[in-house]
Amino acid sequence: MSVAFLGLGNMGGPMAVNLARAGQRVVGYDPVPMARDRVFAAGVTTVEEPGAAVADADVVITMLPGGGHVLDCYQEVLPLAAPGALFLDCSTIDVADARAAAELALVAGHPAVDAPVSGGVVGAEAATLTFMVGGEDTAFTAAEPYLRLMGARAIHCGTSGAGQAAKVCNNLILGASMIAVSEAFALGEKLGLTNQALFDVASTASGQCWALTTNCPVPGPVPKSPANRDYAGGFASGLMLKDLGLAMAAAEQTGTTTALGRRAAELYAAFVAQDGPARDFSAIITAIRDGSLD
Ligand code: NAD
C-alpha cells in the first residue's frame, strides 16, 4: 500500500517529499511535469495519471488550488481508489466545498477529513505545519499519523468542514492584523518614530501579534521577515485575498457581521490589482504608505 499525493506545487511538493523521507511509499501526481520532476528527484514515485496514483493507496492526500479542483479531482479518482482508502484534503477551500467533498467520499465508502494548514512553504519544507482538521473521530485518528510526518501539530476542530472554518477565521485575523500593523508603521513614520522604536514598544505591549513579531512588514526589526528581501517568498498576497474571500463567503452564508474582514478583503483586492498576487502579503504596507489604496 502507498500514499497517493495529488497536487505537487509549492506546498504539496515538500509535503510529499517529507512523507517519502519518513519511509512512506508515496506515489505523486500533478498535471505539471516540472512539479513531478521536483519531487521525483527527492524520492517520490510519480505517475502521469491520477488513477495510477490512487489505485493501491490506503491514503489519498490532495493539496490543490481551490474547491473546484478538489471536487473535480474527487469525482475523477473516487471510482478508481482502493476500497476504504482514507481521503485527506489539505487544500484551503470553502467550508461548503469541503463538506461536499467529504460527502462524495463517504457515499463512495471512504472516510474523509479536511485538514488545511498554517505555516506556509517554510513550514511545509521543515515539516512544522499546523493542521486544522474536520471529520469524524475515527477518521481523525487514522489521519493523524500521516499529518504528524508533515507537520508539528494536528488539531481536531470538529466534524466535516471544521478545519476549513478554523482556517478562514484564523486568516481573517491575520489579514486584518497585517493591515493594522502596516497602518501603525506608516503613521509612526509620519510622526517621526523610527520603525525599531515602534517595534520595540508594540512587540512587548498590547499591539503584539504574529503580523508584527514574525512577519514584520518593515525591514530591520525581524531580520527574516519577507520585508527584508523586497517581500519575495512568504505568504502571497493573492492567497491572502483568496482566504479573505472564503471568509467573506462564509460570513455571508452564516449572516455574520464582519465589517473589518470585508474592508480587509477590499484592501487586498485593490492591492493585488496594482501589485500583482505574488509578493508576500506584508507588502501591502508599500501601498498604505503611498495612499494608493484609498
Ligand atoms: P500551487 O499552485 O503551488 O500548487 C497547486 C498544484 O496543484 C499545482 O502544481 C497544480 O498543477 C496542481 N493541480 C491542479 N489540479 C490538479 C489535479 N486535478 N490533480 C493534481 N494536481 C493538480 O499552490 P500551493 O501554494 O501549493 O497551495 C496549495 C493549497 O494550499 C492552496 O489551497 C493554498 O491556498 C493552500 N495554502 C498555501 C500556502 C502557501 O503559503 N503557499 C499556505 C497555506 C495554505
# chains A, B, ... in the order shown; residues from 1 in each chain; ligands from 1
call {"tool": "residues_around", "arguments": {"residues": "A:Pro31", "least_positions_apart": "2", "cutoff": "12 Å", "atoms": "only C-alpha atoms", "output": "number ranges by chain"}}
result
A: 6-9, 28-29, 33-37, 46-50, 64, 73
call {"tool": "write_last_selection", "arguments": {"atoms": "all heavy atoms", "output": "compact mmCIF listing (two decimals), in the first residue's frame"}}
result
# COMPACT_ATOMS: atom_id res chain seq x y z
N LEU A 6 -1.78 14.05 -4.53
CA LEU A 6 -2.26 14.74 -5.74
C LEU A 6 -2.13 16.25 -5.53
O LEU A 6 -2.75 16.81 -4.62
CB LEU A 6 -3.72 14.36 -6.00
CG LEU A 6 -4.03 12.85 -5.99
CD1 LEU A 6 -5.52 12.61 -6.21
CD2 LEU A 6 -3.22 12.11 -7.03
N GLY A 7 -1.30 16.88 -6.38
CA GLY A 7 -1.04 18.32 -6.23
C GLY A 7 0.32 18.52 -5.61
O GLY A 7 0.47 18.55 -4.38
N LEU A 8 1.34 18.66 -6.47
CA LEU A 8 2.73 18.69 -6.00
C LEU A 8 3.33 20.08 -6.19
O LEU A 8 4.45 20.24 -6.65
CB LEU A 8 3.56 17.65 -6.77
CG LEU A 8 3.02 16.21 -6.68
CD1 LEU A 8 3.70 15.31 -7.70
CD2 LEU A 8 3.21 15.65 -5.26
N GLY A 9 2.56 21.12 -5.84
CA GLY A 9 3.00 22.51 -6.02
C GLY A 9 3.90 22.97 -4.89
O GLY A 9 4.60 22.18 -4.24
N GLY A 28 3.04 10.20 -6.43
CA GLY A 28 2.56 11.57 -6.62
C GLY A 28 2.08 11.82 -8.03
O GLY A 28 2.59 11.25 -9.00
N TYR A 29 1.07 12.70 -8.12
CA TYR A 29 0.58 13.14 -9.44
C TYR A 29 0.34 14.64 -9.43
O TYR A 29 -0.20 15.19 -8.46
CB TYR A 29 -0.74 12.43 -9.81
CG TYR A 29 -1.39 13.11 -11.00
CD1 TYR A 29 -0.87 12.93 -12.29
CD2 TYR A 29 -2.47 13.98 -10.83
CE1 TYR A 29 -1.43 13.62 -13.37
CE2 TYR A 29 -3.03 14.65 -11.90
CZ TYR A 29 -2.51 14.46 -13.18
OH TYR A 29 -3.04 15.14 -14.23
N PRO A 33 4.52 18.76 -15.47
CA PRO A 33 5.69 17.87 -15.42
C PRO A 33 6.80 18.37 -14.48
O PRO A 33 7.41 17.58 -13.77
CB PRO A 33 6.17 17.84 -16.89
CG PRO A 33 4.97 18.18 -17.69
CD PRO A 33 4.15 19.12 -16.86
N MET A 34 7.02 19.69 -14.45
CA MET A 34 8.10 20.21 -13.60
C MET A 34 7.84 19.91 -12.12
O MET A 34 8.76 19.62 -11.36
CB MET A 34 8.25 21.71 -13.80
CG MET A 34 9.66 22.22 -13.56
SD MET A 34 9.81 23.92 -14.09
CE MET A 34 8.80 24.77 -12.91
N ALA A 35 6.56 19.97 -11.73
CA ALA A 35 6.20 19.68 -10.33
C ALA A 35 6.51 18.20 -10.02
O ALA A 35 6.99 17.88 -8.94
CB ALA A 35 4.72 19.99 -10.09
N ARG A 36 6.22 17.34 -10.99
CA ARG A 36 6.51 15.91 -10.79
C ARG A 36 8.03 15.69 -10.71
O ARG A 36 8.50 14.95 -9.85
CB ARG A 36 5.93 15.07 -11.94
CG ARG A 36 4.42 15.11 -12.04
CD ARG A 36 3.90 13.93 -12.87
NE ARG A 36 4.38 13.92 -14.25
CZ ARG A 36 3.74 14.47 -15.28
NH1 ARG A 36 2.59 15.11 -15.10
NH2 ARG A 36 4.24 14.39 -16.50
N ASP A 37 8.77 16.35 -11.60
CA ASP A 37 10.23 16.15 -11.64
C ASP A 37 10.88 16.54 -10.32
O ASP A 37 11.79 15.89 -9.84
CB ASP A 37 10.85 16.99 -12.78
CG ASP A 37 10.40 16.48 -14.15
OD1 ASP A 37 9.84 15.36 -14.20
OD2 ASP A 37 10.59 17.20 -15.14
N THR A 46 6.48 9.05 -9.27
CA THR A 46 5.48 9.91 -9.93
C THR A 46 4.81 9.17 -11.07
O THR A 46 5.40 8.28 -11.68
CB THR A 46 6.13 11.21 -10.46
OG1 THR A 46 7.20 10.87 -11.33
CG2 THR A 46 6.63 12.08 -9.33
N VAL A 47 3.57 9.55 -11.32
CA VAL A 47 2.79 8.94 -12.40
C VAL A 47 2.13 10.06 -13.22
O VAL A 47 2.02 11.19 -12.75
CB VAL A 47 1.70 7.99 -11.82
CG1 VAL A 47 2.34 6.75 -11.22
CG2 VAL A 47 0.83 8.70 -10.80
N GLU A 48 1.68 9.70 -14.42
CA GLU A 48 1.14 10.72 -15.32
C GLU A 48 -0.38 10.76 -15.33
O GLU A 48 -0.99 11.54 -16.06
CB GLU A 48 1.71 10.52 -16.73
CG GLU A 48 3.20 10.76 -16.74
CD GLU A 48 3.82 10.76 -18.12
OE1 GLU A 48 3.06 10.81 -19.11
OE2 GLU A 48 5.05 10.72 -18.20
N GLU A 49 -1.03 9.88 -14.54
CA GLU A 49 -2.49 9.88 -14.42
C GLU A 49 -2.85 9.76 -12.94
O GLU A 49 -2.24 8.94 -12.24
CB GLU A 49 -3.09 8.67 -15.16
CG GLU A 49 -2.99 8.73 -16.68
CD GLU A 49 -3.79 9.87 -17.27
OE1 GLU A 49 -4.81 10.26 -16.65
OE2 GLU A 49 -3.39 10.38 -18.32
N PRO A 50 -3.84 10.51 -12.46
CA PRO A 50 -4.18 10.40 -11.04
C PRO A 50 -4.67 9.00 -10.65
O PRO A 50 -4.42 8.54 -9.54
CB PRO A 50 -5.30 11.44 -10.85
CG PRO A 50 -5.77 11.79 -12.21
CD PRO A 50 -4.64 11.52 -13.16
N LEU A 64 -4.50 21.10 -3.46
CA LEU A 64 -4.88 21.70 -4.74
C LEU A 64 -5.23 23.17 -4.55
O LEU A 64 -5.51 23.62 -3.44
CB LEU A 64 -6.06 20.93 -5.33
CG LEU A 64 -5.81 19.42 -5.52
CD1 LEU A 64 -7.07 18.71 -5.99
CD2 LEU A 64 -4.68 19.19 -6.51
N CYS A 73 -11.45 16.63 -8.76
CA CYS A 73 -10.48 15.56 -8.52
C CYS A 73 -11.16 14.38 -7.81
O CYS A 73 -10.96 13.22 -8.19
CB CYS A 73 -9.33 16.13 -7.69
SG CYS A 73 -8.12 14.93 -7.22
call {"tool": "residues_around", "arguments": {"residues": "stretch 146-148 of chain A", "least_positions_apart": "4", "cutoff": "10 Å", "atoms": "only C-alpha atoms", "output": "ChimeraX atom specification"}}
result
/A:3,15,19,22,24,59,61,88,90,115,127-131,133,140-142,152-154
call {"tool": "atom_distance", "arguments": {"atom1": "atom CA of A:Leu267", "atom2": "atom CA of A:Gly192"}}
result
25.6 Å
call {"tool": "select_by_dssp", "arguments": {"residues": "stretch 30-261 of chain A", "states": "strand (DSSP E)", "output": "PyMOL selection string"}}
result
chain A and resi 45-46+57-62+86-89+112-114+117-118+129-134+151-158
call {"tool": "residues_around", "arguments": {"residues": "A:Asp280", "least_positions_apart": "6", "cutoff": "7 Å", "atoms": "only C-alpha atoms", "output": "PyMOL selection string"}}
result
chain A and resi 226+231-237
call {"tool": "closest_atom_pairs", "arguments": {"of": "stretch 113-229 of chain A", "to": "stretch 283-289 of chain A", "cutoff": "9 Å", "atoms": "only C-alpha atoms", "output": "tab-separated table"}}
result
residue	atom	partner	partner_atom	distance
A:Met178	CA	A:Ile284	CA	8.4
A:Ile179	CA	A:Ile284	CA	7.4
A:Val181	CA	A:Ile285	CA	8.6
A:Ser182	CA	A:Ile285	CA	5.0
A:Glu183	CA	A:Ile288	CA	6.6
A:Phe185	CA	A:Ile285	CA	8.2
A:Ala186	CA	A:Arg289	CA	5.5
A:Leu187	CA	A:Arg289	CA	8.4
A:Pro217	CA	A:Ile285	CA	6.6
A:Val218	CA	A:Ile285	CA	8.0
A:Pro226	CA	A:Ala283	CA	8.4
A:Ala227	CA	A:Ala283	CA	7.1
call {"tool": "closest_atom_pairs", "arguments": {"of": "stretch 219-254 of chain A", "to": "stretch 200-210 of chain A", "cutoff": "12 Å", "atoms": "only C-alpha atoms", "output": "Markdown table"}}
result
| residue | atom | partner | partner_atom | distance |
| --- | --- | --- | --- | --- |
| A:Gly220 | CA | A:Asp200 | CA | 11.6 |
| A:Pro221 | CA | A:Asp200 | CA | 8.3 |
| A:Val222 | CA | A:Ser203 | CA | 10.7 |
| A:Ser225 | CA | A:Trp210 | CA | 11.0 |
call {"tool": "write_last_selection", "arguments": {"atoms": "all heavy atoms", "output": "CSV table (one decimal), in the first residue's frame"}}
result
chain,number,residue,atom,x,y,z
A,220,GLY,N,14.3,45.3,9.0
A,220,GLY,CA,15.1,45.6,10.1
A,220,GLY,C,14.7,44.9,11.4
A,220,GLY,O,15.5,44.0,11.8
A,221,PRO,N,13.6,45.2,12.0
A,221,PRO,CA,13.3,44.6,13.4
A,221,PRO,C,13.3,43.1,13.4
A,221,PRO,O,13.7,42.5,14.4
A,221,PRO,CB,12.0,45.2,13.7
A,221,PRO,CG,11.8,46.4,12.9
A,221,PRO,CD,12.5,46.2,11.6
A,222,VAL,N,12.8,42.5,12.4
A,222,VAL,CA,12.7,41.0,12.3
A,222,VAL,C,13.5,40.5,11.1
A,222,VAL,O,13.0,40.5,10.0
A,222,VAL,CB,11.3,40.4,12.3
A,222,VAL,CG1,11.3,38.9,12.2
A,222,VAL,CG2,10.5,41.0,13.5
A,225,SER,N,12.0,38.4,8.2
A,225,SER,CA,10.7,38.7,7.6
A,225,SER,C,10.8,39.0,6.1
A,225,SER,O,11.9,39.6,5.7
A,225,SER,CB,9.9,39.8,8.4
A,225,SER,OG,10.4,41.0,8.1
call {"tool": "select_by_dssp", "arguments": {"residues": "stretch 31-200 of chain A", "states": "helix (DSSP H, G or I)", "output": "PyMOL selection string"}}
result
chain A and resi 33-40+50-54+67-80+95-107+120-126+137-150+162-190+195-200
call {"tool": "write_last_selection", "arguments": {"atoms": "C-alpha atoms", "output": "mmCIF file, in the first residue's frame"}}
result
data_model
loop_
_atom_site.group_PDB
_atom_site.id
_atom_site.type_symbol
_atom_site.label_atom_id
_atom_site.label_comp_id
_atom_site.auth_asym_id
_atom_site.auth_seq_id
_atom_site.Cartn_x
_atom_site.Cartn_y
_atom_site.Cartn_z
ATOM 1 C CA PRO A 33 5.693 17.873 -15.425
ATOM 2 C CA MET A 34 8.097 20.207 -13.597
ATOM 3 C CA ALA A 35 6.200 19.677 -10.332
ATOM 4 C CA ARG A 36 6.514 15.908 -10.789
ATOM 5 C CA ASP A 37 10.229 16.146 -11.645
ATOM 6 C CA ARG A 38 10.977 18.153 -8.487
ATOM 7 C CA VAL A 39 9.592 15.514 -6.116
ATOM 8 C CA PHE A 40 10.866 12.569 -8.177
ATOM 9 C CA PRO A 50 -4.184 10.404 -11.035
ATOM 10 C CA GLY A 51 -5.826 6.972 -11.305
ATOM 11 C CA ALA A 52 -2.407 5.321 -11.263
ATOM 12 C CA ALA A 53 -1.567 7.138 -8.016
ATOM 13 C CA VAL A 54 -4.703 6.125 -6.098
ATOM 14 C CA GLY A 67 -12.577 23.948 -4.048
ATOM 15 C CA GLY A 68 -13.485 23.326 -7.700
ATOM 16 C CA HIS A 69 -10.208 21.457 -8.196
ATOM 17 C CA VAL A 70 -10.867 19.295 -5.136
ATOM 18 C CA LEU A 71 -14.440 18.420 -6.146
ATOM 19 C CA ASP A 72 -13.391 17.631 -9.758
ATOM 20 C CA CYS A 73 -10.476 15.562 -8.523
ATOM 21 C CA TYR A 74 -12.661 13.590 -6.064
ATOM 22 C CA GLN A 75 -15.208 12.885 -8.841
ATOM 23 C CA GLU A 76 -12.398 11.565 -11.016
ATOM 24 C CA VAL A 77 -10.437 9.435 -8.553
ATOM 25 C CA LEU A 78 -13.062 8.114 -6.106
ATOM 26 C CA PRO A 79 -14.236 5.386 -8.538
ATOM 27 C CA LEU A 80 -10.586 4.335 -9.027
ATOM 28 C CA VAL A 95 -16.366 25.200 4.089
ATOM 29 C CA ALA A 96 -19.322 24.163 1.899
ATOM 30 C CA ASP A 97 -16.980 22.653 -0.730
ATOM 31 C CA ALA A 98 -15.103 20.775 1.996
ATOM 32 C CA ARG A 99 -18.345 19.284 3.284
ATOM 33 C CA ALA A 100 -19.419 18.393 -0.273
ATOM 34 C CA ALA A 101 -16.065 16.699 -0.970
ATOM 35 C CA ALA A 102 -16.261 14.675 2.262
ATOM 36 C CA GLU A 103 -19.814 13.665 1.427
ATOM 37 C CA LEU A 104 -18.717 12.424 -2.031
ATOM 38 C CA ALA A 105 -16.033 10.316 -0.356
ATOM 39 C CA LEU A 106 -18.356 8.967 2.355
ATOM 40 C CA VAL A 107 -21.008 7.971 -0.198
ATOM 41 C CA GLY A 120 3.403 28.254 4.565
ATOM 42 C CA VAL A 121 6.116 26.886 2.304
ATOM 43 C CA VAL A 122 8.738 27.161 5.056
ATOM 44 C CA GLY A 123 6.565 25.018 7.351
ATOM 45 C CA ALA A 124 5.864 22.553 4.534
ATOM 46 C CA GLU A 125 9.586 22.129 3.884
ATOM 47 C CA ALA A 126 10.513 21.824 7.562
ATOM 48 C CA ASP A 137 -13.073 10.897 15.431
ATOM 49 C CA THR A 138 -12.106 7.644 13.690
ATOM 50 C CA ALA A 139 -11.079 9.474 10.511
ATOM 51 C CA PHE A 140 -9.016 11.959 12.534
ATOM 52 C CA THR A 141 -7.295 9.108 14.366
ATOM 53 C CA ALA A 142 -6.489 7.433 11.034
ATOM 54 C CA ALA A 143 -5.196 10.691 9.515
ATOM 55 C CA GLU A 144 -3.097 11.842 12.474
ATOM 56 C CA PRO A 145 -0.001 9.620 11.928
ATOM 57 C CA TYR A 146 0.346 10.987 8.366
ATOM 58 C CA LEU A 147 -0.220 14.574 9.463
ATOM 59 C CA ARG A 148 2.487 14.157 12.124
ATOM 60 C CA LEU A 149 5.002 13.260 9.394
ATOM 61 C CA MET A 150 4.259 16.534 7.590
ATOM 62 C CA ALA A 162 -14.469 22.458 10.853
ATOM 63 C CA GLY A 163 -10.825 22.513 9.744
ATOM 64 C CA GLN A 164 -11.661 24.935 6.913
ATOM 65 C CA ALA A 165 -13.785 27.000 9.297
ATOM 66 C CA ALA A 166 -10.810 27.369 11.677
ATOM 67 C CA LYS A 167 -8.518 28.241 8.763
ATOM 68 C CA VAL A 168 -10.713 31.046 7.359
ATOM 69 C CA CYS A 169 -11.307 32.503 10.834
ATOM 70 C CA ASN A 170 -7.561 32.457 11.569
ATOM 71 C CA ASN A 171 -6.722 34.143 8.270
ATOM 72 C CA LEU A 172 -9.419 36.770 8.820
ATOM 73 C CA ILE A 173 -7.480 37.726 11.971
ATOM 74 C CA LEU A 174 -4.198 37.628 10.036
ATOM 75 C CA GLY A 175 -5.342 39.810 7.107
ATOM 76 C CA ALA A 176 -6.878 42.452 9.357
ATOM 77 C CA SER A 177 -3.924 42.469 11.774
ATOM 78 C CA MET A 178 -1.371 42.870 8.956
ATOM 79 C CA ILE A 179 -3.262 45.933 7.714
ATOM 80 C CA ALA A 180 -3.417 47.368 11.240
ATOM 81 C CA VAL A 181 0.308 46.781 11.819
ATOM 82 C CA SER A 182 1.143 48.343 8.430
ATOM 83 C CA GLU A 183 -1.012 51.408 9.118
ATOM 84 C CA ALA A 184 0.682 51.807 12.507
ATOM 85 C CA PHE A 185 4.170 51.781 10.932
ATOM 86 C CA ALA A 186 3.056 54.233 8.211
ATOM 87 C CA LEU A 187 1.623 56.573 10.853
ATOM 88 C CA GLY A 188 4.655 56.174 13.130
ATOM 89 C CA GLU A 189 6.974 57.139 10.263
ATOM 90 C CA LYS A 190 4.944 60.317 9.623
ATOM 91 C CA ASN A 195 10.406 51.616 12.938
ATOM 92 C CA GLN A 196 12.662 49.985 15.522
ATOM 93 C CA ALA A 197 11.252 52.149 18.335
ATOM 94 C CA LEU A 198 7.656 51.298 17.400
ATOM 95 C CA PHE A 199 8.566 47.625 17.098
ATOM 96 C CA ASP A 200 10.315 47.592 20.498
#
call {"tool": "closest_residue", "arguments": {"among": "A:Arg279, A:Lys242, A:Arg229, A:His156", "to": "ligand 1", "atoms": "only C-alpha atoms and all ligand atoms"}}
result
A:Lys242
call {"tool": "residues_around", "arguments": {"residues": "A:Ala249", "least_positions_apart": "3", "cutoff": "10 Å", "atoms": "only C-alpha atoms", "output": "ChimeraX atom specification"}}
result
/A:94-96,168,243-246,252-255
call {"tool": "closest_residue", "arguments": {"among": "A:Ala265, A:Ala273, A:Ala57, A:Met132", "to": "ligand 1", "atoms": "only C-alpha atoms and all ligand atoms"}}
result
A:Met132
call {"tool": "residues_around", "arguments": {"residues": "A:Gly84", "least_positions_apart": "2", "cutoff": "10 Å", "atoms": "only C-alpha atoms", "output": "JSON, numbers by chain"}}
result
{"A": [57, 58, 59, 81, 82, 86, 87, 105, 106, 108, 109, 110, 111, 112]}
call {"tool": "closest_residue", "arguments": {"among": "A:Val32, A:Gly161, A:Tyr268, A:Asn228", "to": "A:Thr92", "atoms": "only C-alpha atoms"}}
result
A:Gly161
call {"tool": "atom_distance", "arguments": {"atom1": "atom CA of A:Gly238", "atom2": "atom 13 (N, counted along the ligand's line) of ligand 1"}}
result
16.9 Å
call {"tool": "residues_around", "arguments": {"residues": "A:Gly135", "least_positions_apart": "5", "cutoff": "6 Å", "atoms": "only C-alpha atoms", "output": "ChimeraX atom specification"}}
result
/A:113,159-160
call {"tool": "write_last_selection", "arguments": {"atoms": "all heavy atoms", "output": "PDB file, in the first residue's frame"}}
result
ATOM      1  N   VAL A 113     -11.354  13.560   5.714  1.00  0.00           N
ATOM      2  CA  VAL A 113     -11.194  14.731   6.588  1.00  0.00           C
ATOM      3  C   VAL A 113     -10.751  15.927   5.756  1.00  0.00           C
ATOM      4  O   VAL A 113     -10.098  15.769   4.722  1.00  0.00           O
ATOM      5  CB  VAL A 113     -10.153  14.519   7.724  1.00  0.00           C
ATOM      6  CG1 VAL A 113     -10.586  13.429   8.680  1.00  0.00           C
ATOM      7  CG2 VAL A 113      -8.765  14.239   7.174  1.00  0.00           C
ATOM      8  N   THR A 159     -16.422  18.331  13.322  1.00  0.00           N
ATOM      9  CA  THR A 159     -16.839  17.453  12.217  1.00  0.00           C
ATOM     10  C   THR A 159     -16.473  18.083  10.871  1.00  0.00           C
ATOM     11  O   THR A 159     -15.867  19.163  10.815  1.00  0.00           O
ATOM     12  CB  THR A 159     -18.364  17.200  12.285  1.00  0.00           C
ATOM     13  OG1 THR A 159     -19.008  18.473  12.292  1.00  0.00           O
ATOM     14  CG2 THR A 159     -18.744  16.417  13.534  1.00  0.00           C
ATOM     15  N   SER A 160     -16.886  17.425   9.800  1.00  0.00           N
ATOM     16  CA  SER A 160     -16.521  17.821   8.439  1.00  0.00           C
ATOM     17  C   SER A 160     -16.676  19.333   8.200  1.00  0.00           C
ATOM     18  O   SER A 160     -17.706  19.915   8.515  1.00  0.00           O
ATOM     19  CB  SER A 160     -17.428  17.050   7.470  1.00  0.00           C
ATOM     20  OG  SER A 160     -17.103  17.379   6.172  1.00  0.00           O
TER      21      SER A 160
END
